[in-house]
Amino acid sequence: EKGVGMFEIEYKGANAVVINTRKLRVVFDPNLEIAGGKNVPVNNDIEVVTEDRLSNVESSPKLLFNGPGEYEVGDISILGIPARRHIDAGSDVRKTTIYRITVGEVKGVVVGNVEDGLSDDQLENIGVVDFAILPVGGGGYTLDAVGATKVARQLDAKVVIPVHYRDSNLNYEVPQADLDEFLKALGAPVIEAGQKWKLKKSADLPGSLTIVKISRS
């Protein structure tokens, strides 16, 4: 256990992120085939999907969380909050789930392809978070730089981890904007975390809004 810290986060492309804690590997949205990549393997890990189509059909998860509800496993607790997708904004159907994840005393939120702006209800359910993982690529498919900036400001997290932006190794269904567009729009300092953002203790969180860029691994 020594030196592991609370958790580390890896970015796999699109909305796929892996959160490793002392006890668990938690894989969010592992289906990268729809973005022209290879699916993230899920072998006896916890799989969490914001939309059913983003699960990995060949996976063998220990547990699969795929919708609203409260889940506790190992050293994490997860709250799923219903949300509307950008492409469904006209209808009342909530086809995606926002997840708040708690590891120790650190709270984060994983936001999928949601419409532009969160409701007071959603923000109340999410509560205070230390980090937010947000798609920023736009193209009518997910939040764009402006929408992601709006959501980041609403969530008021100290750390924002952008995902789902242009990547020459992935072939998105809809062209995605460069990460730079979001960096300019949010205008916060950027930490290059390399392939893993590691947090040892909550005291190591930055004091004010910071973008943490994790290289895709």
# chains A, B, ... in the order shown; residues from 1 in each chain; ligands from 1

$ select_by_dssp --residues "range 18-202 of chain A" --states "helix (DSSP H, G or I)" --output "ChimeraX atom specification"
/A:33-35,52-54,86-88,120-126,145-155,179-186,202

$ write_last_selection --atoms "N, CA and C atoms" --output "CSV table (one decimal), in the first residue's frame"
chain,number,residue,atom,x,y,z
A,33,GLU,N,-14.3,1.4,-29.6
A,33,GLU,CA,-14.5,1.0,-31.0
A,33,GLU,C,-15.3,2.0,-31.8
A,34,ILE,N,-16.3,2.6,-31.1
A,34,ILE,CA,-17.2,3.6,-31.8
A,34,ILE,C,-16.4,4.9,-32.1
A,35,ALA,N,-15.2,5.0,-31.5
A,35,ALA,CA,-14.4,6.2,-31.9
A,35,ALA,C,-13.2,5.7,-32.7
A,52,ASP,N,-25.4,3.2,-22.2
A,52,ASP,CA,-25.2,1.7,-22.5
A,52,ASP,C,-24.3,1.4,-23.7
A,53,ARG,N,-24.4,2.3,-24.7
A,53,ARG,CA,-23.6,2.0,-25.9
A,53,ARG,C,-22.1,2.2,-25.7
A,54,LEU,N,-21.8,2.8,-24.6
A,54,LEU,CA,-20.3,3.0,-24.3
A,54,LEU,C,-19.7,1.8,-23.4
A,86,HIS,N,-26.8,15.9,-25.0
A,86,HIS,CA,-26.8,17.1,-25.9
A,86,HIS,C,-27.8,16.8,-27.1
A,87,ILE,N,-27.7,15.6,-27.7
A,87,ILE,CA,-28.5,15.3,-28.9
A,87,ILE,C,-30.0,15.1,-28.6
A,88,ASP,N,-30.3,14.9,-27.3
A,88,ASP,CA,-31.7,14.7,-27.0
A,88,ASP,C,-32.4,15.9,-26.3
A,120,ASP,N,-30.2,23.0,-11.4
A,120,ASP,CA,-30.0,23.2,-10.0
A,120,ASP,C,-30.1,21.9,-9.2
A,121,ASP,N,-31.1,21.1,-9.6
A,121,ASP,CA,-31.2,19.7,-9.1
A,121,ASP,C,-30.0,18.9,-9.2
A,122,GLN,N,-29.5,18.9,-10.4
A,122,GLN,CA,-28.3,18.1,-10.7
A,122,GLN,C,-27.1,18.6,-9.8
A,123,LEU,N,-26.9,19.9,-9.8
A,123,LEU,CA,-25.8,20.5,-9.1
A,123,LEU,C,-25.9,20.2,-7.6
A,124,GLU,N,-27.2,20.2,-7.1
A,124,GLU,CA,-27.4,19.9,-5.7
A,124,GLU,C,-27.0,18.4,-5.4
A,125,ASN,N,-27.4,17.5,-6.3
A,125,ASN,CA,-27.1,16.1,-6.1
A,125,ASN,C,-25.6,15.8,-6.2
A,126,ILE,N,-24.9,16.6,-7.1
A,126,ILE,CA,-23.4,16.4,-7.3
A,126,ILE,C,-22.7,17.0,-6.0
A,145,ALA,N,-16.2,23.7,-26.3
A,145,ALA,CA,-15.3,24.5,-25.4
A,145,ALA,C,-16.1,25.4,-24.5
A,146,VAL,N,-17.1,26.1,-25.1
A,146,VAL,CA,-18.0,27.1,-24.4
A,146,VAL,C,-18.9,26.3,-23.4
A,147,GLY,N,-19.5,25.3,-23.8
A,147,GLY,CA,-20.4,24.5,-22.9
A,147,GLY,C,-19.6,23.8,-21.8
A,148,ALA,N,-18.5,23.3,-22.1
A,148,ALA,CA,-17.7,22.7,-21.1
A,148,ALA,C,-17.2,23.7,-20.1
A,149,THR,N,-16.8,24.9,-20.5
A,149,THR,CA,-16.4,26.0,-19.6
A,149,THR,C,-17.6,26.3,-18.7
A,150,LYS,N,-18.8,26.4,-19.2
A,150,LYS,CA,-20.0,26.7,-18.4
A,150,LYS,C,-20.2,25.7,-17.3
A,151,VAL,N,-20.1,24.4,-17.7
A,151,VAL,CA,-20.3,23.3,-16.8
A,151,VAL,C,-19.2,23.3,-15.7
A,152,ALA,N,-17.9,23.5,-16.2
A,152,ALA,CA,-16.8,23.6,-15.2
A,152,ALA,C,-17.0,24.7,-14.2
A,153,ARG,N,-17.5,25.8,-14.6
A,153,ARG,CA,-17.8,26.9,-13.7
A,153,ARG,C,-18.9,26.6,-12.7
A,154,GLN,N,-19.9,25.9,-13.3
A,154,GLN,CA,-21.0,25.5,-12.4
A,154,GLN,C,-20.6,24.5,-11.3
A,155,LEU,N,-19.7,23.6,-11.7
A,155,LEU,CA,-19.3,22.6,-10.8
A,155,LEU,C,-18.2,23.1,-9.8
A,179,LEU,N,-8.0,20.4,-28.2
A,179,LEU,CA,-8.0,20.7,-26.7
A,179,LEU,C,-7.7,22.2,-26.5
A,180,ASP,N,-6.9,22.8,-27.3
A,180,ASP,CA,-6.5,24.2,-27.1
A,180,ASP,C,-7.7,25.1,-27.1
A,181,GLU,N,-8.8,24.7,-27.8
A,181,GLU,CA,-10.0,25.6,-27.8
A,181,GLU,C,-10.6,25.7,-26.4
A,182,PHE,N,-10.6,24.5,-25.7
A,182,PHE,CA,-11.1,24.5,-24.3
A,182,PHE,C,-10.2,25.2,-23.4
A,183,LEU,N,-8.9,25.0,-23.5
A,183,LEU,CA,-7.9,25.6,-22.7
A,183,LEU,C,-8.0,27.1,-22.7
A,184,LYS,N,-8.2,27.7,-23.9
A,184,LYS,CA,-8.3,29.1,-24.1
A,184,LYS,C,-9.6,29.6,-23.5
A,185,ALA,N,-10.7,28.8,-23.7
A,185,ALA,CA,-12.0,29.2,-23.2
A,185,ALA,C,-12.1,29.3,-21.6
A,186,LEU,N,-11.5,28.3,-21.0
A,186,LEU,CA,-11.5,28.2,-19.5
A,186,LEU,C,-10.4,29.1,-18.9
A,202,SER,N,-5.7,14.5,0.0
A,202,SER,CA,-6.5,15.7,-0.4
A,202,SER,C,-5.8,17.0,-0.3

$ closest_residue --among "A:Met6, A:Gly80, A:Phe28, A:Gly13" --to "Ser215 in chain A" --atoms "only C-alpha atoms"
A:Gly13

$ closest_atom_pairs --of "range 7-37 of chain A" --to "range 95-119 of chain A" --cutoff "9 Å" --atoms "only C-alpha atoms" --output "CSV"
residue,atom,partner,partner_atom,distance
A:Phe7,CA,A:Val103,CA,7.6
A:Asn15,CA,A:Gly112,CA,6.8
A:Thr21,CA,A:Val103,CA,7.7
A:Phe28,CA,A:Val110,CA,8.5
A:Asp29,CA,A:Gly112,CA,8.8

$ closest_residue --among "A:Leu143, A:Val40, A:Ile19, A:Ala132" --to "Val57 in chain A" --atoms "only C-alpha atoms"
A:Val40

$ closest_atom_pairs --of "range 18-46 of chain A" --to "range 61-74 of chain A" --cutoff "12 Å" --atoms "only C-alpha atoms" --output "JSON lines"
{"residue": "A:Asn20", "atom": "CA", "partner": "A:Gly74", "partner_atom": "CA", "distance": 11.5}
{"residue": "A:Thr21", "atom": "CA", "partner": "A:Gly74", "partner_atom": "CA", "distance": 9.0}
{"residue": "A:Arg22", "atom": "CA", "partner": "A:Gly74", "partner_atom": "CA", "distance": 9.0}
{"residue": "A:Lys23", "atom": "CA", "partner": "A:Gly74", "partner_atom": "CA", "distance": 6.2}
{"residue": "A:Leu24", "atom": "CA", "partner": "A:Gly74", "partner_atom": "CA", "distance": 6.8}
{"residue": "A:Arg25", "atom": "CA", "partner": "A:Gly74", "partner_atom": "CA", "distance": 10.1}
{"residue": "A:Val26", "atom": "CA", "partner": "A:Pro61", "partner_atom": "CA", "distance": 9.6}
{"residue": "A:Val27", "atom": "CA", "partner": "A:Pro61", "partner_atom": "CA", "distance": 9.3}
{"residue": "A:Phe28", "atom": "CA", "partner": "A:Phe65", "partner_atom": "CA", "distance": 9.5}
{"residue": "A:Asp29", "atom": "CA", "partner": "A:Asn66", "partner_atom": "CA", "distance": 9.8}
{"residue": "A:Pro30", "atom": "CA", "partner": "A:Pro61", "partner_atom": "CA", "distance": 11.2}
{"residue": "A:Val40", "atom": "CA", "partner": "A:Pro61", "partner_atom": "CA", "distance": 11.8}
{"residue": "A:Pro41", "atom": "CA", "partner": "A:Pro61", "partner_atom": "CA", "distance": 9.4}
{"residue": "A:Val42", "atom": "CA", "partner": "A:Pro61", "partner_atom": "CA", "distance": 5.7}
{"residue": "A:Asn43", "atom": "CA", "partner": "A:Pro61", "partner_atom": "CA", "distance": 5.6}
{"residue": "A:Asn44", "atom": "CA", "partner": "A:Lys62", "partner_atom": "CA", "distance": 4.4}
{"residue": "A:Asp45", "atom": "CA", "partner": "A:Pro61", "partner_atom": "CA", "distance": 5.0}
{"residue": "A:Ile46", "atom": "CA", "partner": "A:Leu63", "partner_atom": "CA", "distance": 5.1}

$ select_by_dssp --residues "range 124-154 of chain A" --states "strand (DSSP E or B)" --output "count of residues only"
5

$ closest_residue --among "A:Ile78, A:Ala157, A:Ala193, A:Ala177" --to "Leu209 in chain A" --atoms "only C-alpha atoms"
A:Ala157

$ closest_residue --among "A:Asp178, A:Asp144, A:Glu58, A:Asp156" --to "Asn39 in chain A" --atoms "only C-alpha atoms"
A:Glu58

$ atom_distance --atom1 "CA of Glu173 in chain A" --atom2 "CA of Ser55 in chain A"
16.7 Å

$ atom_distance --atom1 "CA of Glu8 in chain A" --atom2 "CA of Asn31 in chain A"
20.4 Å

$ atom_distance --atom1 "CA of His164 in chain A" --atom2 "CA of Arg85 in chain A"
14.8 Å

$ closest_residue --among "A:Lys158, A:Lys201, A:Arg166, A:Arg94" --to "Phe131 in chain A" --atoms "only C-alpha atoms"
A:Lys158

$ closest_residue --among "A:Val212, A:Ile9, A:Val159, A:Val49" --to "Lys196 in chain A" --atoms "only C-alpha atoms"
A:Ile9

$ decode --residues "range 124-136 of chain A" --atoms "N, CA, C and O atoms" --output "PDB file, in the first residue's frame"
ATOM      1  N   GLU A 124     -27.183  20.182  -7.083  1.00  0.00           N
ATOM      2  CA  GLU A 124     -27.410  19.879  -5.672  1.00  0.00           C
ATOM      3  C   GLU A 124     -27.035  18.427  -5.367  1.00  0.00           C
ATOM      4  O   GLU A 124     -26.419  18.132  -4.354  1.00  0.00           O
ATOM      5  N   ASN A 125     -27.402  17.518  -6.279  1.00  0.00           N
ATOM      6  CA  ASN A 125     -27.059  16.100  -6.098  1.00  0.00           C
ATOM      7  C   ASN A 125     -25.557  15.850  -6.201  1.00  0.00           C
ATOM      8  O   ASN A 125     -25.009  15.010  -5.492  1.00  0.00           O
ATOM      9  N   ILE A 126     -24.905  16.570  -7.096  1.00  0.00           N
ATOM     10  CA  ILE A 126     -23.450  16.404  -7.255  1.00  0.00           C
ATOM     11  C   ILE A 126     -22.728  16.980  -6.037  1.00  0.00           C
ATOM     12  O   ILE A 126     -21.796  16.379  -5.511  1.00  0.00           O
ATOM     13  N   GLY A 127     -23.178  18.144  -5.595  1.00  0.00           N
ATOM     14  CA  GLY A 127     -22.572  18.775  -4.420  1.00  0.00           C
ATOM     15  C   GLY A 127     -21.174  19.299  -4.710  1.00  0.00           C
ATOM     16  O   GLY A 127     -20.804  19.534  -5.863  1.00  0.00           O
ATOM     17  N   VAL A 128     -20.398  19.470  -3.657  1.00  0.00           N
ATOM     18  CA  VAL A 128     -19.044  20.019  -3.800  1.00  0.00           C
ATOM     19  C   VAL A 128     -18.123  18.916  -4.319  1.00  0.00           C
ATOM     20  O   VAL A 128     -18.093  17.825  -3.756  1.00  0.00           O
ATOM     21  N   VAL A 129     -17.402  19.199  -5.396  1.00  0.00           N
ATOM     22  CA  VAL A 129     -16.454  18.205  -5.925  1.00  0.00           C
ATOM     23  C   VAL A 129     -15.067  18.820  -6.065  1.00  0.00           C
ATOM     24  O   VAL A 129     -14.928  20.016  -6.296  1.00  0.00           O
ATOM     25  N   ASP A 130     -14.056  17.968  -5.923  1.00  0.00           N
ATOM     26  CA  ASP A 130     -12.665  18.405  -6.050  1.00  0.00           C
ATOM     27  C   ASP A 130     -12.176  18.339  -7.486  1.00  0.00           C
ATOM     28  O   ASP A 130     -11.356  19.144  -7.911  1.00  0.00           O
ATOM     29  N   PHE A 131     -12.656  17.322  -8.237  1.00  0.00           N
ATOM     30  CA  PHE A 131     -12.233  17.224  -9.635  1.00  0.00           C
ATOM     31  C   PHE A 131     -13.429  16.891 -10.525  1.00  0.00           C
ATOM     32  O   PHE A 131     -14.404  16.294 -10.075  1.00  0.00           O
ATOM     33  N   ALA A 132     -13.348  17.333 -11.785  1.00  0.00           N
ATOM     34  CA  ALA A 132     -14.412  17.081 -12.758  1.00  0.00           C
ATOM     35  C   ALA A 132     -13.786  16.597 -14.062  1.00  0.00           C
ATOM     36  O   ALA A 132     -12.831  17.201 -14.552  1.00  0.00           O
ATOM     37  N   ILE A 133     -14.308  15.496 -14.584  1.00  0.00           N
ATOM     38  CA  ILE A 133     -13.853  14.944 -15.863  1.00  0.00           C
ATOM     39  C   ILE A 133     -14.931  15.282 -16.890  1.00  0.00           C
ATOM     40  O   ILE A 133     -16.085  14.872 -16.750  1.00  0.00           O
ATOM     41  N   LEU A 134     -14.549  16.093 -17.901  1.00  0.00           N
ATOM     42  CA  LEU A 134     -15.530  16.663 -18.832  1.00  0.00           C
ATOM     43  C   LEU A 134     -15.127  16.467 -20.281  1.00  0.00           C
ATOM     44  O   LEU A 134     -13.986  16.774 -20.656  1.00  0.00           O
ATOM     45  N   PRO A 135     -16.066  16.030 -21.157  1.00  0.00           N
ATOM     46  CA  PRO A 135     -15.785  16.025 -22.589  1.00  0.00           C
ATOM     47  C   PRO A 135     -15.832  17.452 -23.133  1.00  0.00           C
ATOM     48  O   PRO A 135     -16.669  18.250 -22.695  1.00  0.00           O
ATOM     49  N   VAL A 136     -14.934  17.777 -24.068  1.00  0.00           N
ATOM     50  CA  VAL A 136     -14.840  19.177 -24.519  1.00  0.00           C
ATOM     51  C   VAL A 136     -14.836  19.344 -26.041  1.00  0.00           C
ATOM     52  O   VAL A 136     -14.715  20.454 -26.540  1.00  0.00           O
TER      53      VAL A 136
END
